[in-house]
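Everything on this sheet refers to the single structure shown next.
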Amino acid sequence: MQFGVLGPVIAVTDSGDPVVVPGAKVRMLLADLLANRNRVVSADRLIDDLWGEDAPANPAGALQVRVSQLRKALNDAEPGARDLLESRPPGYVLHAKDVDADRFTDLAAASDVRRLTEALTLWRGEAYADVADEDFARAEAVRLAEGRLTAHERLAEARLALGEHDRVAADLADLVARHPLREGLRALQVRALYAAGRQSEALESYGDLRERLADELGLDPGPELVALYRRILEQDAGLSAPPRAAIVRNSLPARLDELVGRAEALAELRGLIPERRLVTLIGPGGVGKTRLATEAAREQEPPDGTHLVELAPLPAGDDGVAERILDALELQEASGSAAAPEERLSTALRERRLLLVLDNCEHVIEAAAEVVARLLRDAPGVTVLATSREALGLAGETLWEVPPLAVPTDGDDLDAVRRSAAARLFAARAAAQQRGFRLDEKTAPAVAKLCFRLDGLPLALELAATRVRSLGVQGVVDRLDDRFALLATRQRDVPPRQRTLTAVIEWSWDLLDDTDRAVLARLAVFRDGCTAEAAERVCGADLDVLARLVDRSLVVSDETSEGVRFRLLESVAAFCLGRLDDGEAVRARHAEYYTVLAEHADGELRGPHQREWLARLDTESANLRAALSHGGGLRLAMALTWYWFLRGRLTEARRALDERGDTVEETSAAAWRVGFALLQGDELAPEVIEAALADAASDRAVWFTAAAVLDRGDLVLAARLLPEGAGDPWVEAASLSSRAMIAHAQGDLAELERTASRSDEIFTGIGDRWGWLQANGWLGGLAEMSGEHERAAALHREGLRWAEELSLWPEVGGKLSWLAWIAVQTREYTLGRELAERSHRMALEQGAPSAIIFAEMSLGLAARREGKLDLATVHLSRLAERGRVAPEKALYLPMILVELGYAVELEGDRAGALALHVEAFEAASAMRSPRDGFGALEGMASATDDPEAAVRLLGAAAACRSSAGAPAAPAERDEIDRVTERLVAVLGRESFDALYAEGGRLDPEAARALV
């Protein structure tokens, strides 16, 4: 645990997390214990420090509470830290071994610039800033403040010895203003000003001190300061700055154009460079390391300047780095020629304070590292900012990876494209090539695609921009498959290694040995990266090889929730594919690896690890598609069918299943092909479906096809096809869930409860969350039919949460439709419409016909109940026409006809409404769906002109509902009440009740005959 008092009092864990200390008194207690750290502080003193004369009634108890709170805060942040605060008579002691004030005291005792600077950087404000006025902290705060001033003076003295007079004079100005009577500071300022050639300012500073001392204290300056004043008047040569060899002040190139998209990076580097002796910018070729380094260096102002040293002209492996630096600084003659270049460089820079930018170190990495290591050791005033495709590998090196520019995520969103750094860079460079170029609605989609395909690499984008004038943006995009011929420039002031994209990547390729080249080329067969295991199995790449390629910025390593993945930038992959010697064998291994992975996943997707394997297959989607083209064929497609179904990728599944295989594979694929075709709305004759299942090797495939038949509404055929699932609990549970759906459609509540409950039990035991969602849905359906709408909504909301967590978007859409339906039934029409709209959008995206119908049903019902009759009629009429094409399969038809009947009635067409309700009753009878029949009877009562028949119809419907245990939902109750109120007004309550009771003795068919 680390503690800080050089500023507001804080506690920080060893991992850098701040400790949240609750309450002002607890924070004051911590400060008091830190001011007396490692010493026992009596309880009486702590009580007095915390409360003074306002002590609570039980001060000892109150103190104990605060101590417990502090211990808990420490322990919550870092387990075991509560032991730092020990109870020891007569009070407490805080064992604080790491306090910034103690570190400051140790560092401030030194006399070298580095340690003194490090000491002063520990300060975050005034010592004990939040409690400095408290008696217990005052003496300690004063002592530390004095130590801080002394450290400033010692640092100024050390820097004056190095000849940094200008900088010392500037830095002391503020300190002297805040402490105008401190003679030590004045003496240092006067010396610095005089040595910097500012004699009049030095004399003015001395005169200001003399006047202040006289006016405020009645004193004269001390003898040392008086002696210094005389030496200045005498122009003592000993006060002048020591002469140094001439050095070029600054060798950075002038800025020629704007640096686009690097504002945050520049801000971070501006703060980082002064704090670190060695910062190395790493990244792939073309990512913009050199430009970023020069711009970051331009903001620095060391006394001896900032200097760019370009190492690219040196041959690979050359050891002339030191001579290259001497040449850049124009120090070859000044440093002499007898000693070795490294020795001459160290001697020349030993007393200098400058920033060296060493550009392109990767091809001379050993020599560069050796020179930099010596400079860091022998020249404490030298800071190095290096650019390289790999680290220098030195102690104290800070690696700063330069990322590609952010690419647009949506080419159709103009604002998003314009915010993208990659798009802004491309647009700026394209506009420089073609005056009329604009990033607008017309060009944005192509620019977004270009940025994505080029991985946001600045150099690639700039090369592409040079082609816009002749090809246009879309023309450049269309030719990216031949990017190495396309991306080249004739710009004469660009180094040869940056004139073509080929040269950029070839620069790194040529530095590899044969083994690393072979592995890098093989890695190009992967799409969207791979795991270390996949790289080893497919490419023969062990972790050492991968690490070397990552270190050299040719392979990108990404930390994901599933672990580290390795990938190539698209341009690097394209380059490597052209150099892949054993491509056929590598692609075959790739296909085999992912086929085995998919086959294993197929089983895991039906068990407790479903979520993890869905995520893994999502991550590997691009590789799985590539494996299909690499020879995975029908075997791989069969292994992925269930994954594609869960993700709603029906078209992708059908396309892959069109592959041809051997006899066994063809037989196994037949049922899946039929199932997916049905799910996408294909009309298939029953004999075709049954033929596909005749030789099916898997009960799972049989169930899948039967479930697809059920999804299309053919209850009879589905019931006949469903397997019993003997020997396979998963198939048994899935079949039970499908039978629950049939029971729901037929209004058989007992069978619905039996099958849904058993399915839920088996799927829960298996741990299959998708299966649990199916059973959960039908249990929700049971609750809704039984009038338990709150329970039904709770079950579907829980299912929605699970579906969203698993990203099972077809299930998400289904749950939204269920919740929309329940919301409408419970009079929450606005909520129902909103939920149905979400579900409808998802269903359209997935292209699932049954899901579209379910969602549109809720849209129509919500609109009708909200009184939006025109909109309701559009939705309901479309659904009715679709259902009439094959009424025996349109399970939703009776309900739609009833709702459409109500809408037509409310528009004034009672005859048309009655016809629709009669049609609904007949459809429900044909489907053996009594619940829908009840609704149709109630609809007839609302539309018939015979009031007595209407009452009998209501009575018959109510008796049927009671017998079936399916009460009317609140929204249905509203319709019944509306009709009842009208009929009571016409017939009177006594007649109504008698007719109602008479109707209750009629069966549904007899009631239907009344109209």
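Please note that chains go A, B, ... in the order of the structure tokens, that every chain numbers its residues from 1, and that ligands are numbered from 1 in the order shown.
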
Check your understanding: Looking only at the backbone, which of the residues in range 828-1000 of chain A does DSSP tag as helix (DSSP H, G or I), as a PyMOL selection string?
Key -> chain A and resi 829-846+849-865+869-885+893-906+910-927+930-943+947-964+970-987+989-999

**Study point:** Near-Ser251 in chain A list (7 Å; only C-alpha atoms; drop same-chain fewer than 6 positions) as an MDAnalysis selection string
**Key:** chainID A and resid 306:308

Taking C-alpha atoms for each residue, export the selection above as a PDB file, in the first residue's frame.
```
ATOM      1  CA  THR A 306      15.967  18.800 -30.716  1.00  0.00           C
ATOM      2  CA  HIS A 307      17.639  16.801 -33.473  1.00  0.00           C
ATOM      3  CA  LEU A 308      16.394  14.304 -36.046  1.00  0.00           C
TER       4      LEU A 308
END
```

Practice item. Would you list the contacts of range 664-678 of chain A as a PyMOL selection string, taking every protein, DNA or RNA residue within 6 Å and counting only C-alpha atoms, but skipping same-chain residues closer than 3 positions in sequence? Key: chain A and resi 661+681-682+692-693+696-697+701+705+708

Store the residues picked out above in a file with N, CA and C atoms, as a PDB file, in the first residue's frame.
```pdb
ATOM      1  N   GLY A 661     -21.182 -33.441 -51.386  1.00  0.00           N
ATOM      2  CA  GLY A 661     -20.286 -34.290 -50.613  1.00  0.00           C
ATOM      3  C   GLY A 661     -20.406 -35.745 -51.016  1.00  0.00           C
ATOM      4  N   GLY A 681     -39.152 -19.889 -46.018  1.00  0.00           N
ATOM      5  CA  GLY A 681     -40.406 -19.670 -46.725  1.00  0.00           C
ATOM      6  C   GLY A 681     -40.608 -20.485 -47.978  1.00  0.00           C
ATOM      7  N   ASP A 682     -39.718 -21.417 -48.308  1.00  0.00           N
ATOM      8  CA  ASP A 682     -39.917 -22.248 -49.500  1.00  0.00           C
ATOM      9  C   ASP A 682     -41.133 -23.163 -49.287  1.00  0.00           C
ATOM     10  N   ALA A 692     -36.817 -36.573 -47.467  1.00  0.00           N
ATOM     11  CA  ALA A 692     -35.528 -36.082 -46.972  1.00  0.00           C
ATOM     12  C   ALA A 692     -35.192 -36.672 -45.610  1.00  0.00           C
ATOM     13  N   LEU A 693     -36.230 -37.049 -44.846  1.00  0.00           N
ATOM     14  CA  LEU A 693     -35.995 -37.589 -43.507  1.00  0.00           C
ATOM     15  C   LEU A 693     -35.896 -39.113 -43.488  1.00  0.00           C
ATOM     16  N   ALA A 696     -32.385 -40.153 -42.638  1.00  0.00           N
ATOM     17  CA  ALA A 696     -31.635 -39.227 -41.784  1.00  0.00           C
ATOM     18  C   ALA A 696     -30.889 -39.999 -40.691  1.00  0.00           C
ATOM     19  N   ALA A 697     -29.613 -39.670 -40.552  1.00  0.00           N
ATOM     20  CA  ALA A 697     -28.783 -40.396 -39.586  1.00  0.00           C
ATOM     21  C   ALA A 697     -28.888 -39.813 -38.185  1.00  0.00           C
ATOM     22  N   ALA A 701     -31.413 -33.832 -36.664  1.00  0.00           N
ATOM     23  CA  ALA A 701     -31.792 -33.302 -37.973  1.00  0.00           C
ATOM     24  C   ALA A 701     -33.283 -33.512 -38.218  1.00  0.00           C
ATOM     25  N   THR A 705     -36.027 -30.440 -38.859  1.00  0.00           N
ATOM     26  CA  THR A 705     -36.937 -30.334 -39.995  1.00  0.00           C
ATOM     27  C   THR A 705     -38.389 -30.291 -39.531  1.00  0.00           C
ATOM     28  N   ALA A 708     -39.140 -26.935 -38.278  1.00  0.00           N
ATOM     29  CA  ALA A 708     -39.331 -25.989 -39.381  1.00  0.00           C
ATOM     30  C   ALA A 708     -40.724 -26.137 -39.988  1.00  0.00           C
TER      31      ALA A 708
END
```

If we count only C-alpha atoms and set the cut-off at 6 Å, which residues sit around range 567-579 of chain A, ignoring sequence neighbours fewer than 2 positions away in its own chain? Please answer as a PDB file with C-alpha atoms, in the first residue's frame.
```pdb
ATOM      1  CA  ALA A 521       3.463 -16.034 -45.215  1.00  0.00           C
ATOM      2  CA  ALA A 524      -1.877 -14.878 -44.333  1.00  0.00           C
ATOM      3  CA  GLY A 529      -6.601 -13.407 -36.878  1.00  0.00           C
ATOM      4  CA  VAL A 555       1.890  -9.344 -36.662  1.00  0.00           C
ATOM      5  CA  VAL A 556      -0.654  -7.615 -34.456  1.00  0.00           C
TER       6      VAL A 556
END
```

Exercise for review: Could you please determine the separation between CA of Thr826 in chain A and CA of Ala941 in chain A in Å, to one decimal place?
Suggested key: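 Here the two named atoms are 21.8 Å from each other.
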
Point to revise | CA of Leu897 in chain A to CA of Arg882 in chain A, straight-line distance in Å | key: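 Pair CA of Arg882 in chain A / CA of Leu897 in chain A returns 11.6 Å.
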
Considering only C-alpha atoms, tabulate each residue of range 821-845 of chain A that lies at most 6 Å from range 854-871 of chain A along with its nearest interatomic pair and the corresponding distance in Å to one decimal; arrange the rows by chain and ascending residue number and present them as a Markdown table.
```
| residue | atom | partner | partner_atom | distance |
| --- | --- | --- | --- | --- |
| A:Trp821 | CA | A:Ser858 | CA | 5.5 |
| A:Val824 | CA | A:Ala862 | CA | 5.8 |
| A:Tyr829 | CA | A:Ala862 | CA | 5.3 |
| A:Arg833 | CA | A:Ala862 | CA | 5.4 |
| A:Ala836 | CA | A:Ala855 | CA | 5.4 |
| A:Ser839 | CA | A:Ala855 | CA | 5.7 |
| A:His840 | CA | A:Ala855 | CA | 4.9 |
```

For the residues selected in the previous step, produce a file with N, CA and C atoms as a CSV table (one decimal), in the first residue's frame.
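This went into selection_39.csv:
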```csv
chain,number,residue,atom,x,y,z
A,821,TRP,N,-47.1,-8.6,-27.4
A,821,TRP,CA,-48.5,-9.3,-27.4
A,821,TRP,C,-49.1,-9.1,-26.0
A,824,VAL,N,-50.1,-5.5,-25.2
A,824,VAL,CA,-51.4,-5.2,-25.8
A,824,VAL,C,-52.6,-5.8,-25.1
A,829,TYR,N,-50.8,-0.2,-24.7
A,829,TYR,CA,-50.8,-0.2,-26.1
A,829,TYR,C,-49.5,0.5,-26.7
A,833,ARG,N,-46.8,-1.4,-29.0
A,833,ARG,CA,-46.3,-0.9,-30.3
A,833,ARG,C,-44.8,-0.8,-30.4
A,836,ALA,N,-43.2,-4.2,-30.5
A,836,ALA,CA,-43.5,-4.8,-31.8
A,836,ALA,C,-42.7,-4.2,-32.9
A,839,SER,N,-39.2,-5.6,-32.7
A,839,SER,CA,-39.2,-7.0,-33.1
A,839,SER,C,-39.4,-7.1,-34.6
A,840,HIS,N,-40.2,-6.3,-35.2
A,840,HIS,CA,-40.5,-6.3,-36.6
A,840,HIS,C,-39.2,-5.9,-37.4
```

Review point. Which is closer to Gly197 in chain A than all the others in A:Met28, A:Ala460, A:Ala792, A:Ala169, using only C-alpha atoms?
Key: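 Checking each of A:Met28, A:Ala460, A:Ala792, A:Ala169 against Gly197 in chain A, counting only C-alpha atoms, the winner is A:Ala169.
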
Practice item. Point out the residue among A:Arg791, A:Lys815, A:Arg587, A:Arg931 with the least atom-to-atom distance to Ala745 in chain A, counting only C-alpha atoms. Key: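 Of A:Arg791, A:Lys815, A:Arg587, A:Arg931, the one nearest Ala745 in chain A, counting only C-alpha atoms, is A:Arg931.
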
Point to revise | Exercise: Asp945 in chain A partners within 12 Å, only C-alpha atoms, chain neighbours under 4 positions left out, as a ChimeraX atom specification | key: /A:905,909-911,913-914,940-941,949-951,979,982-983,986,1010-1011

Could you take the residues named above and write them with N, CA and C atoms, as a PDB file, in the first residue's frame?
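Result file follows (selection-v9.pdb):
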```
ATOM      1  N   GLU A 905     -65.713  -3.019 -37.866  1.00  0.00           N
ATOM      2  CA  GLU A 905     -66.925  -2.606 -37.133  1.00  0.00           C
ATOM      3  C   GLU A 905     -66.804  -1.168 -36.655  1.00  0.00           C
ATOM      4  N   ASP A 909     -68.731  -0.633 -40.642  1.00  0.00           N
ATOM      5  CA  ASP A 909     -69.209  -1.711 -41.522  1.00  0.00           C
ATOM      6  C   ASP A 909     -69.488  -2.946 -40.679  1.00  0.00           C
ATOM      7  N   ARG A 910     -70.683  -3.008 -40.066  1.00  0.00           N
ATOM      8  CA  ARG A 910     -71.005  -4.111 -39.170  1.00  0.00           C
ATOM      9  C   ARG A 910     -71.167  -5.421 -39.947  1.00  0.00           C
ATOM     10  N   ALA A 911     -71.739  -5.352 -41.142  1.00  0.00           N
ATOM     11  CA  ALA A 911     -71.924  -6.579 -41.928  1.00  0.00           C
ATOM     12  C   ALA A 911     -70.571  -7.182 -42.311  1.00  0.00           C
ATOM     13  N   ALA A 913     -67.829  -6.724 -40.743  1.00  0.00           N
ATOM     14  CA  ALA A 913     -67.217  -7.219 -39.520  1.00  0.00           C
ATOM     15  C   ALA A 913     -67.749  -8.592 -39.153  1.00  0.00           C
ATOM     16  N   LEU A 914     -69.071  -8.768 -39.252  1.00  0.00           N
ATOM     17  CA  LEU A 914     -69.673 -10.056 -38.903  1.00  0.00           C
ATOM     18  C   LEU A 914     -69.123 -11.161 -39.792  1.00  0.00           C
ATOM     19  N   MET A 940     -68.553 -11.910 -33.066  1.00  0.00           N
ATOM     20  CA  MET A 940     -69.885 -11.972 -33.675  1.00  0.00           C
ATOM     21  C   MET A 940     -70.897 -11.187 -32.837  1.00  0.00           C
ATOM     22  N   ALA A 941     -70.805 -11.312 -31.513  1.00  0.00           N
ATOM     23  CA  ALA A 941     -71.717 -10.584 -30.628  1.00  0.00           C
ATOM     24  C   ALA A 941     -71.589  -9.083 -30.829  1.00  0.00           C
ATOM     25  N   ALA A 949     -79.431 -12.538 -29.969  1.00  0.00           N
ATOM     26  CA  ALA A 949     -78.385 -13.470 -30.408  1.00  0.00           C
ATOM     27  C   ALA A 949     -77.016 -13.041 -29.868  1.00  0.00           C
ATOM     28  N   ALA A 950     -76.793 -11.722 -29.834  1.00  0.00           N
ATOM     29  CA  ALA A 950     -75.515 -11.211 -29.345  1.00  0.00           C
ATOM     30  C   ALA A 950     -75.286 -11.608 -27.889  1.00  0.00           C
ATOM     31  N   VAL A 951     -76.337 -11.475 -27.060  1.00  0.00           N
ATOM     32  CA  VAL A 951     -76.185 -11.831 -25.642  1.00  0.00           C
ATOM     33  C   VAL A 951     -75.891 -13.319 -25.501  1.00  0.00           C
ATOM     34  N   VAL A 979     -69.455  -4.312 -25.560  1.00  0.00           N
ATOM     35  CA  VAL A 979     -70.643  -4.916 -26.162  1.00  0.00           C
ATOM     36  C   VAL A 979     -71.730  -5.141 -25.103  1.00  0.00           C
ATOM     37  N   ARG A 982     -73.643  -1.987 -24.247  1.00  0.00           N
ATOM     38  CA  ARG A 982     -74.605  -1.620 -25.303  1.00  0.00           C
ATOM     39  C   ARG A 982     -75.846  -2.503 -25.240  1.00  0.00           C
ATOM     40  N   LEU A 983     -75.642  -3.812 -25.030  1.00  0.00           N
ATOM     41  CA  LEU A 983     -76.768  -4.737 -25.028  1.00  0.00           C
ATOM     42  C   LEU A 983     -77.641  -4.564 -23.786  1.00  0.00           C
ATOM     43  N   VAL A 986     -79.935  -1.793 -24.370  1.00  0.00           N
ATOM     44  CA  VAL A 986     -81.012  -2.097 -25.314  1.00  0.00           C
ATOM     45  C   VAL A 986     -82.054  -3.019 -24.680  1.00  0.00           C
ATOM     46  N   LEU A1010     -76.442 -19.063 -34.444  1.00  0.00           N
ATOM     47  CA  LEU A1010     -77.346 -17.963 -34.132  1.00  0.00           C
ATOM     48  C   LEU A1010     -77.238 -16.812 -35.125  1.00  0.00           C
ATOM     49  N   VAL A1011     -76.149 -16.733 -35.874  1.00  0.00           N
ATOM     50  CA  VAL A1011     -75.977 -15.623 -36.820  1.00  0.00           C
ATOM     51  C   VAL A1011     -75.791 -16.164 -38.227  1.00  0.00           C
TER      52      VAL A1011
END
```

Point to revise | Of the listed residues A:Glu948, A:Ala890, A:Gly901, A:Thr280, that which approaches Ala923 in chain A most closely, counting only C-alpha atoms | key: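 Using only C-alpha atoms, Ala923 in chain A sits closest to A:Ala890.
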
Point to revise | 12 Å contact set for Asp728 in chain A, only C-alpha atoms, chain neighbours under 2 positions out, as a ChimeraX atom specification | key: /A:606,698-700,703,723-726,730-735,762-763,766

**Study point:** Best match for closeness to His590 in chain A among A:Ala340, A:Leu816, A:Leu636, A:Leu463, counting only C-alpha atoms
**Key:**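 Between A:Ala340, A:Leu816, A:Leu636, A:Leu463, the residue approaching His590 in chain A most closely is A:Leu636.
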
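You can rank A:Leu74, A:Ala653, A:Leu454, A:Ile505 by their closest distance to Asp481 in chain A using only C-alpha atoms, and at the top of that list sits A:Leu454.
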
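Counting from CA of Ala691 in chain A, the distance to CA of Arg649 in chain A is 25.1 Å.
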